[in-house]
$ cat my_file16.txt   # compact mmCIF, C-alpha atoms
# COMPACT_ATOMS: atom_id res chain seq x y z
CA MET A 1 77.67 98.28 101.54
CA ASN A 2 80.43 98.78 104.07
CA TRP A 3 84.07 99.19 103.11
CA GLY A 4 87.39 99.28 104.92
CA VAL A 5 90.61 97.41 105.68
CA ARG A 6 91.34 94.33 107.75
CA SER A 7 94.68 93.70 109.47
CA VAL A 8 96.51 95.84 106.92
CA THR A 9 100.26 96.33 107.11
CA VAL A 10 102.16 98.62 104.73
CA ARG A 11 105.95 98.83 104.57
CA PHE A 12 108.14 101.29 102.73
CA GLY A 13 111.48 99.55 102.73
CA LYS A 14 112.32 98.81 106.35
CA ARG A 15 109.87 101.39 107.68
CA ILE A 16 106.42 100.21 108.76
CA ALA A 17 103.87 102.85 107.77
CA LEU A 18 100.85 100.83 108.98
CA SER A 19 100.93 97.89 111.35
CA ASP A 20 98.00 95.45 111.49
CA VAL A 21 95.33 98.18 111.16
CA THR A 22 91.62 97.43 110.83
CA PHE A 23 89.04 100.06 109.93
CA GLN A 24 85.45 99.99 108.70
CA ALA A 25 83.58 102.69 106.79
CA LEU A 26 79.80 102.48 106.97
CA ALA A 27 77.46 103.63 104.20
CA GLY A 28 75.68 106.87 105.03
CA GLN A 29 78.15 107.81 107.76
CA VAL A 30 81.25 109.95 108.15
CA SER A 31 84.23 108.07 109.57
CA GLY A 32 87.43 109.80 110.63
CA ILE A 33 91.11 108.88 110.73
CA VAL A 34 92.85 110.98 113.38
CA GLY A 35 96.56 111.44 114.00
CA GLY A 36 99.49 113.79 113.75
CA ASP A 37 102.13 114.01 111.03
CA GLY A 38 103.56 110.58 110.25
CA ALA A 39 100.69 108.73 111.91
CA GLY A 40 99.84 106.80 108.74
CA LYS A 41 96.62 108.57 107.80
CA SER A 42 97.45 109.17 104.14
CA THR A 43 98.91 105.69 103.77
CA LEU A 44 95.70 104.14 105.07
CA LEU A 45 93.54 106.22 102.73
CA ARG A 46 95.74 105.41 99.73
CA ALA A 47 95.51 101.72 100.55
CA LEU A 48 91.75 102.02 100.87
CA VAL A 49 91.30 103.55 97.41
CA GLY A 50 93.82 101.24 95.74
CA ALA A 51 96.65 103.72 95.18
CA ILE A 52 99.06 101.42 97.05
CA ARG A 53 98.97 97.69 97.72
CA PRO A 54 99.29 96.53 101.34
CA ASP A 55 102.01 94.05 102.21
CA GLU A 56 99.56 92.19 104.41
CA GLY A 57 95.85 92.24 105.08
CA GLU A 58 92.68 92.78 103.07
CA VAL A 59 91.05 95.86 101.54
CA LEU A 60 87.29 96.01 100.94
CA ARG A 61 86.30 98.68 98.43
CA PRO A 62 83.88 99.16 95.52
CA GLY A 63 84.90 99.35 91.88
CA ALA A 64 87.10 102.25 90.82
CA ARG A 65 84.22 104.23 89.29
CA GLN A 66 82.37 104.09 92.60
CA ILE A 67 85.25 105.67 94.52
CA GLY A 68 85.76 109.39 95.01
CA TYR A 69 89.20 110.42 96.25
CA MET A 70 90.58 113.79 97.21
CA PRO A 71 94.34 113.71 97.93
CA SER A 72 96.01 116.07 100.38
CA THR A 73 96.90 118.30 97.42
CA SER A 74 93.14 118.85 96.74
CA GLY A 75 93.29 117.27 93.25
CA VAL A 76 92.35 120.56 91.57
CA TYR A 77 94.04 121.31 88.24
CA PRO A 78 95.51 124.83 88.62
CA ASP A 79 95.45 125.64 84.90
CA LEU A 80 91.75 124.77 84.47
CA SER A 81 88.85 126.92 85.55
CA VAL A 82 86.35 125.77 88.17
CA ASP A 83 83.89 124.82 85.42
CA GLU A 84 86.60 123.03 83.44
CA ASN A 85 87.77 121.08 86.51
CA ILE A 86 84.21 119.91 87.12
CA ALA A 87 83.62 119.02 83.46
CA PHE A 88 86.87 117.03 83.37
CA ALA A 89 85.99 115.05 86.53
CA ALA A 90 82.45 114.42 85.28
CA ALA A 91 83.73 113.12 81.93
CA ALA A 92 86.14 110.77 83.70
CA TYR A 93 83.21 109.20 85.55
CA ASN A 94 80.75 109.28 82.63
CA VAL A 95 78.35 111.68 84.34
CA SER A 96 75.69 112.74 81.85
CA ARG A 97 75.46 116.39 80.83
CA MET A 98 71.96 116.69 82.30
CA ASP A 99 73.00 115.20 85.65
CA LEU A 100 76.14 117.34 85.70
CA GLN A 101 74.27 120.60 85.11
CA GLU A 102 71.76 119.88 87.86
CA ARG A 103 74.28 118.61 90.38
CA ALA A 104 77.04 121.13 89.71
CA HIS A 105 74.64 124.07 89.94
CA ALA A 106 73.35 123.00 93.35
CA LEU A 107 76.80 122.28 94.79
CA LEU A 108 78.45 125.40 93.38
CA SER A 109 75.68 127.66 94.65
CA ARG A 110 75.68 126.17 98.15
CA THR A 111 79.45 126.37 98.57
CA GLY A 112 79.96 129.88 97.22
CA LEU A 113 81.86 128.67 94.15
CA ALA A 114 79.23 129.78 91.64
CA ASP A 115 80.60 133.34 91.72
CA VAL A 116 84.08 132.14 90.73
CA HIS A 117 83.07 129.43 88.25
CA ASP A 118 85.33 130.90 85.54
CA ARG A 119 88.36 131.41 87.79
CA LEU A 120 91.43 129.21 87.35
CA GLY A 121 92.00 126.59 90.04
CA GLY A 122 95.43 128.04 90.75
CA GLN A 123 93.86 131.43 91.50
CA LEU A 124 91.42 130.18 94.12
CA SER A 125 91.88 130.80 97.82
CA GLY A 126 92.86 127.83 99.96
CA GLY A 127 89.34 127.34 101.25
CA MET A 128 87.77 127.56 97.79
CA ARG A 129 90.32 125.14 96.37
CA GLN A 130 89.58 122.60 99.10
CA LYS A 131 85.83 122.90 98.53
CA LEU A 132 86.33 122.39 94.82
CA GLY A 133 88.49 119.34 95.56
CA VAL A 134 85.72 117.75 97.62
CA LEU A 135 83.15 118.65 94.97
CA LEU A 136 85.26 116.97 92.25
CA ALA A 137 85.56 113.81 94.36
CA MET A 138 81.79 113.55 94.91
CA ILE A 139 80.45 114.82 91.57
CA HIS A 140 79.64 111.25 90.42
CA ARG A 141 77.87 110.23 93.67
CA PRO A 142 80.46 107.61 94.72
CA SER A 143 79.72 104.76 97.10
CA LEU A 144 83.01 105.47 98.90
CA LEU A 145 84.24 109.05 99.32
CA VAL A 146 87.77 109.38 100.70
CA LEU A 147 89.13 112.80 101.67
CA ASP A 148 92.71 113.35 102.84
CA GLU A 149 92.78 116.22 105.36
CA PRO A 150 90.18 118.32 103.50
CA THR A 151 90.02 121.07 106.14
CA THR A 152 93.72 121.61 106.88
CA GLY A 153 94.62 125.29 106.72
CA VAL A 154 91.03 126.31 105.91
CA ASP A 155 89.34 129.30 107.58
CA PRO A 156 86.24 128.69 109.75
CA VAL A 157 83.78 130.00 107.15
CA SER A 158 85.15 127.78 104.38
CA ARG A 159 85.32 124.89 106.83
CA ALA A 160 81.57 125.16 107.38
CA GLY A 161 81.07 124.91 103.62
CA LEU A 162 83.31 121.88 103.46
CA TRP A 163 81.37 120.11 106.16
CA TRP A 164 78.13 120.84 104.32
CA LEU A 165 79.57 118.99 101.31
CA ILE A 166 80.78 116.11 103.50
CA ALA A 167 77.41 115.78 105.22
CA ARG A 168 75.66 115.97 101.83
CA ALA A 169 77.69 113.04 100.50
CA ALA A 170 76.88 110.93 103.56
CA ALA A 171 73.19 111.84 103.28
CA GLU A 172 73.26 110.58 99.69
CA GLY A 173 74.42 107.20 101.00
CA ALA A 174 78.18 107.35 100.54
CA ALA A 175 80.56 105.89 103.08
CA VAL A 176 82.67 108.98 103.76
CA VAL A 177 86.18 108.61 105.17
CA LEU A 178 88.28 111.64 106.00
CA SER A 179 91.56 112.19 107.76
CA THR A 180 92.31 115.08 110.08
CA SER A 181 94.83 116.22 112.65
CA TYR A 182 92.15 118.35 114.36
CA VAL A 183 90.76 116.27 117.21
CA ASP A 184 88.00 118.78 117.97
CA GLU A 185 86.78 118.53 114.38
CA ALA A 186 86.91 114.74 114.48
CA GLU A 187 84.03 114.82 116.96
CA ARG A 188 81.73 115.42 113.98
CA ALA A 189 82.42 111.89 112.72
CA ALA A 190 80.25 108.94 113.68
CA HIS A 191 83.24 106.61 114.06
CA LEU A 192 86.94 107.29 114.58
CA LEU A 193 90.26 105.51 114.27
CA VAL A 194 93.17 107.17 116.06
CA LEU A 195 96.61 106.30 114.66
CA ASP A 196 100.05 106.85 116.14
CA ALA A 197 103.15 106.06 114.06
CA GLY A 198 101.12 103.57 112.00
CA HIS A 199 99.64 101.77 114.99
CA HIS A 200 96.08 101.60 116.27
CA LEU A 201 95.76 103.88 119.29
CA ALA A 202 92.00 104.02 119.83
CA SER A 203 88.78 103.49 117.88
CA GLY A 204 85.01 103.74 118.22
CA THR A 205 82.55 106.58 118.47
CA PRO A 206 83.88 109.74 120.12
CA ASP A 207 81.88 108.84 123.24
CA ASP A 208 83.31 105.30 123.20
CA ILE A 209 86.88 106.61 123.09
CA ILE A 210 86.22 109.03 125.95
CA ALA A 211 84.51 106.34 128.04
CA ALA A 212 87.44 103.94 127.52
CA MET A 213 89.97 106.45 128.84
CA PRO A 214 91.68 105.02 131.94
CA GLY A 215 92.21 107.11 135.06
CA THR A 216 91.18 110.74 135.51
CA ILE A 217 91.94 114.16 134.06
CA SER A 218 92.63 117.19 136.25
CA ARG A 219 93.13 120.85 135.49
CA ALA A 220 95.90 122.79 137.22
CA ALA A 221 97.09 126.39 137.08
CA THR A 222 100.74 125.32 136.97
CA ARG A 223 102.54 122.26 135.67
CA PRO A 224 102.95 119.58 138.37
CA GLN A 225 106.43 118.49 139.38
CA GLY A 226 108.00 115.08 139.84
CA ASP A 227 106.42 111.93 138.42
CA MET A 228 103.30 113.77 137.25
CA ALA A 229 105.20 116.20 135.00
CA PRO A 230 105.48 113.76 132.03
CA LEU A 231 101.74 113.10 132.34
CA SER A 232 100.75 116.75 131.90
CA TRP A 233 100.34 119.06 128.93
CA ARG A 234 99.34 122.68 128.44
CA ARG A 235 95.90 123.41 127.06
CA GLY A 236 94.91 127.03 126.88
CA ALA A 237 95.70 128.91 130.09
CA TYR A 238 95.81 125.73 132.20
CA TRP A 239 97.60 122.40 132.43
CA ARG A 240 95.86 119.10 131.90
CA VAL A 241 97.14 116.29 134.12
CA TRP A 242 96.44 112.60 133.61
CA SER A 243 96.32 110.39 136.68
CA PRO A 244 96.51 106.69 135.68
CA PRO A 245 94.33 104.20 137.56
CA GLY A 246 95.46 103.92 141.16
CA VAL A 247 97.42 107.20 141.05
CA ALA A 248 96.14 110.18 143.06
CA SER A 249 95.47 113.47 141.29
CA ALA A 250 98.14 116.14 141.44
CA ASP A 251 98.06 118.58 144.34
CA ARG A 252 95.83 121.65 143.83
CA ALA A 253 94.40 120.14 140.66
CA GLN A 254 90.69 120.04 139.89
CA VAL A 255 89.31 116.79 138.46
CA ILE A 256 87.32 117.52 135.31
CA ARG A 257 85.30 115.59 132.76
CA PRO A 258 87.53 114.59 129.82
CA ASP A 259 86.70 115.34 126.20
CA LEU A 260 87.89 113.63 123.03
CA GLN A 261 91.10 115.63 122.86
CA ASP A 262 91.94 114.56 126.42
CA ALA A 263 91.14 110.91 125.67
CA VAL A 264 93.38 110.86 122.57
CA MET A 265 96.23 112.45 124.50
CA VAL A 266 95.83 109.92 127.31
CA ALA A 267 95.83 107.04 124.84
CA SER A 268 99.19 108.24 123.53
CA LEU A 269 100.61 108.74 127.03
CA ALA A 270 99.35 105.33 128.15
CA LEU A 271 101.08 103.66 125.20
CA GLU A 272 104.34 105.49 125.95
CA ARG A 273 104.07 104.48 129.60
CA LYS A 274 103.46 100.85 128.66
CA GLU A 275 106.38 100.83 126.25
CA ALA A 276 108.67 102.30 128.89
CA THR A 277 107.56 99.64 131.39
CA GLN A 278 108.11 96.82 128.90
CA GLY A 279 111.32 98.18 127.48
CA GLY A 280 109.80 99.31 124.18
CA ALA A 281 108.47 95.88 123.27
CA VAL A 282 104.84 96.96 122.70
CA ARG A 283 105.35 97.91 119.04
$ encode --input "my_file16.txt" --output "C-alpha cells"
Amino acid sequence: MNWGVRSVTVRFGKRIALSDVTFQALAGQVSGIVGGDGAGKSTLLRALVGAIRPDEGEVLRPGARQIGYMPSTSGVYPDLSVDENIAFAAAAYNVSRMDLQERAHALLSRTGLADVHDRLGGQLSGGMRQKLGVLLAMIHRPSLLVLDEPTTGVDPVSRAGLWWLIARAAAEGAAVVLSTSYVDEAERAAHLLVLDAGHHLASGTPDDIIAAMPGTISRAATRPQGDMAPLSWRRGAYWRVWSPPGVASADRAQVIRPDLQDAVMVASLALERKEATQGGAVR
C-alpha cells in the first residue's frame, strides 16, 4: 500500500504551517521531506501519523499499530536502559517475545548497540540515541515508518548505521518517510518533496528535480556584482551563480552541471524572484 497526504493545509492560529501540500510515500521505498527550519517538515510528518489533524485535505495512512514514528526528540526514554526501551516499545505493539529476541538481537548487533544494551537512554551518545530511536520505531515491522530528522547532529559513522536501519526497513516493505535539512543526504531517497515556509517548492526523484531546474549554474572565484549578486551564493571556496533562462552567465564564470543542492537553491531563488515580480502574490 501507498500512503501520504493530498492537498493538506495546516494552520496554527493565523499562521499557515502547510499550504495545499501533496505527498506520496511508496511501500518499499525511502521518501524524503527536505527543507530548512520552519519549512513545515515536522508538521507534515505529524499530520501523516495522526498527531495533528489538518484543517483541509486528506491523509492516507494505515492503522495506528502499523505506524512507526520517531519524533525529532528521538523518542527514547532517558531513564530506561536500551533493553528496557526496546521491551517497552515491543509490548506497546504486541510483539511476541520470540520475535522480539530474534529481531532485537540482529538490529542491536548491526548498529553497535549490543555493547551498551544495559546503558540508560539518557547516557547514550547522540548517535546511539538516534539509532535506538529508529530501532524503537521499526521494532514491530510497521507498514509506514516516519522519522523526523533522524540524522541531525549525528557523526558520519553513526549516520552510516542509521542509514542501514532505514534501508533495512524499506527492504522489509515499509514505506519510509524521513525529514532532513541535509540536501546532500536527501539524494539517498527515491522520492523527495522540498518545502519552503509550508509551501511546495519542488518534488520528484533527485534527478527529476535537477532536470527541472531552469537556467544554468556557473562557478566563479568571486561574487558577481550588480543584478547577478542576489542570484549567487557561496559554496566551499567558490561562488555558485544562477542565470535564469534568457540571462547570460556572469563574467569569468564557468558553467557547471548542477547537483541537487544547486537545484533546491535555484527553486527557492526562482520563487523569490517570481514573488518580487508579482508583488508577493504567489503565496
$ closest_atom_pairs --input "my_file16.txt" --of "region 130-229 of chain A" --to "region 40-54 of chain A" --cutoff "10 Å" --atoms "all atoms listed in the file" --output "JSON lines"
{"residue": "A:Leu144", "atom": "CA", "partner": "A:Val49", "partner_atom": "CA", "distance": 8.6}
{"residue": "A:Leu145", "atom": "CA", "partner": "A:Val49", "partner_atom": "CA", "distance": 9.2}
{"residue": "A:Val146", "atom": "CA", "partner": "A:Leu45", "partner_atom": "CA", "distance": 6.9}
{"residue": "A:Leu147", "atom": "CA", "partner": "A:Leu45", "partner_atom": "CA", "distance": 8.0}
{"residue": "A:Asp148", "atom": "CA", "partner": "A:Ser42", "partner_atom": "CA", "distance": 6.5}
{"residue": "A:Glu149", "atom": "CA", "partner": "A:Ser42", "partner_atom": "CA", "distance": 8.5}
{"residue": "A:Val177", "atom": "CA", "partner": "A:Leu45", "partner_atom": "CA", "distance": 8.1}
{"residue": "A:Leu178", "atom": "CA", "partner": "A:Leu45", "partner_atom": "CA", "distance": 8.2}
{"residue": "A:Ser179", "atom": "CA", "partner": "A:Lys41", "partner_atom": "CA", "distance": 6.2}
{"residue": "A:Thr180", "atom": "CA", "partner": "A:Lys41", "partner_atom": "CA", "distance": 8.1}
{"residue": "A:Ser181", "atom": "CA", "partner": "A:Lys41", "partner_atom": "CA", "distance": 9.2}
{"residue": "A:Leu193", "atom": "CA", "partner": "A:Lys41", "partner_atom": "CA", "distance": 9.6}
{"residue": "A:Val194", "atom": "CA", "partner": "A:Lys41", "partner_atom": "CA", "distance": 9.1}
{"residue": "A:Leu195", "atom": "CA", "partner": "A:Gly40", "partner_atom": "CA", "distance": 6.8}
{"residue": "A:Asp196", "atom": "CA", "partner": "A:Gly40", "partner_atom": "CA", "distance": 7.4}
{"residue": "A:Ala197", "atom": "CA", "partner": "A:Gly40", "partner_atom": "CA", "distance": 6.3}
{"residue": "A:Gly198", "atom": "CA", "partner": "A:Gly40", "partner_atom": "CA", "distance": 4.8}
{"residue": "A:His199", "atom": "CA", "partner": "A:Gly40", "partner_atom": "CA", "distance": 8.0}
{"residue": "A:His200", "atom": "CA", "partner": "A:Gly40", "partner_atom": "CA", "distance": 9.9}
$ closest_residue --input "my_file16.txt" --among "A:Leu231, A:Ile67, A:Ala174, A:Val10" --to "Leu136 (chain A)" --atoms "all atoms listed in the file"
A:Ile67
$ atom_distance --input "my_file16.txt" --atom1 "CA of Ala89 (chain A)" --atom2 "CA of Ala190 (chain A)"
28.4 Å
$ closest_residue --input "my_file16.txt" --among "A:Val154, A:Ala27, A:Leu120, A:Met265" --to "Pro62 (chain A)" --atoms "all atoms listed in the file"
A:Ala27
$ atom_distance --input "my_file16.txt" --atom1 "CA of Tyr93 (chain A)" --atom2 "CA of Ile139 (chain A)"
8.7 Å
$ atom_distance --input "my_file16.txt" --atom1 "CA of Arg61 (chain A)" --atom2 "CA of Leu165 (chain A)"
21.6 Å
$ residues_around --input "my_file16.txt" --residues "region 241-252 of chain A" --least-positions-apart "5" --cutoff "6 Å" --atoms "all atoms listed in the file" --output "list in words"
Gly215, Thr216, Ile217, Ser218, Leu231 and Ser232 of chain A
$ closest_residue --input "my_file16.txt" --among "A:Gly126, A:Gly204, A:Gly153, A:Gly68" --to "Met138 (chain A)" --atoms "all atoms listed in the file"
A:Gly68
$ closest_residue --input "my_file16.txt" --among "A:Arg235, A:Arg141, A:Arg103, A:Arg65" --to "Ala169 (chain A)" --atoms "all atoms listed in the file"
A:Arg141
$ closest_residue --input "my_file16.txt" --among "A:Thr73, A:Gln66, A:Ser7, A:Gln254" --to "Thr152 (chain A)" --atoms "all atoms listed in the file"
A:Thr73
$ residues_around --input "my_file16.txt" --residues "Ala211 (chain A)" --least-positions-apart "2" --cutoff "12 Å" --atoms "only C-alpha atoms" --output "list in words"
Ala202, Ser203, Gly204, Thr205, Pro206, Asp207, Asp208, Ile209, Met213, Pro214, Gly215, Thr216, Arg257, Pro258, Asp259, Leu260, Asp262, Ala263, Val264, Val266 and Ala267 of chain A
$ residues_around --input "my_file16.txt" --residues "His117 (chain A)" --least-positions-apart "5" --cutoff "9 Å" --atoms "all atoms listed in the file" --output "PyMOL selection string"
chain A and resi 81-84+108
$ write_last_selection --input "my_file16.txt" --atoms "C-alpha atoms" --output "short mmCIF file (atom, residue, chain, number, x, y, z; two decimals), in the frame of the given file"
data_model
loop_
_atom_site.label_atom_id
_atom_site.label_comp_id
_atom_site.auth_asym_id
_atom_site.auth_seq_id
_atom_site.Cartn_x
_atom_site.Cartn_y
_atom_site.Cartn_z
CA SER A 81 88.85 126.92 85.55
CA VAL A 82 86.35 125.77 88.17
CA ASP A 83 83.89 124.82 85.42
CA GLU A 84 86.60 123.03 83.44
CA LEU A 108 78.45 125.40 93.38
#
$ closest_residue --input "my_file16.txt" --among "A:Asp20, A:Asp118, A:Asp99, A:Glu56" --to "Asn85 (chain A)" --atoms "all atoms listed in the file"
A:Asp118
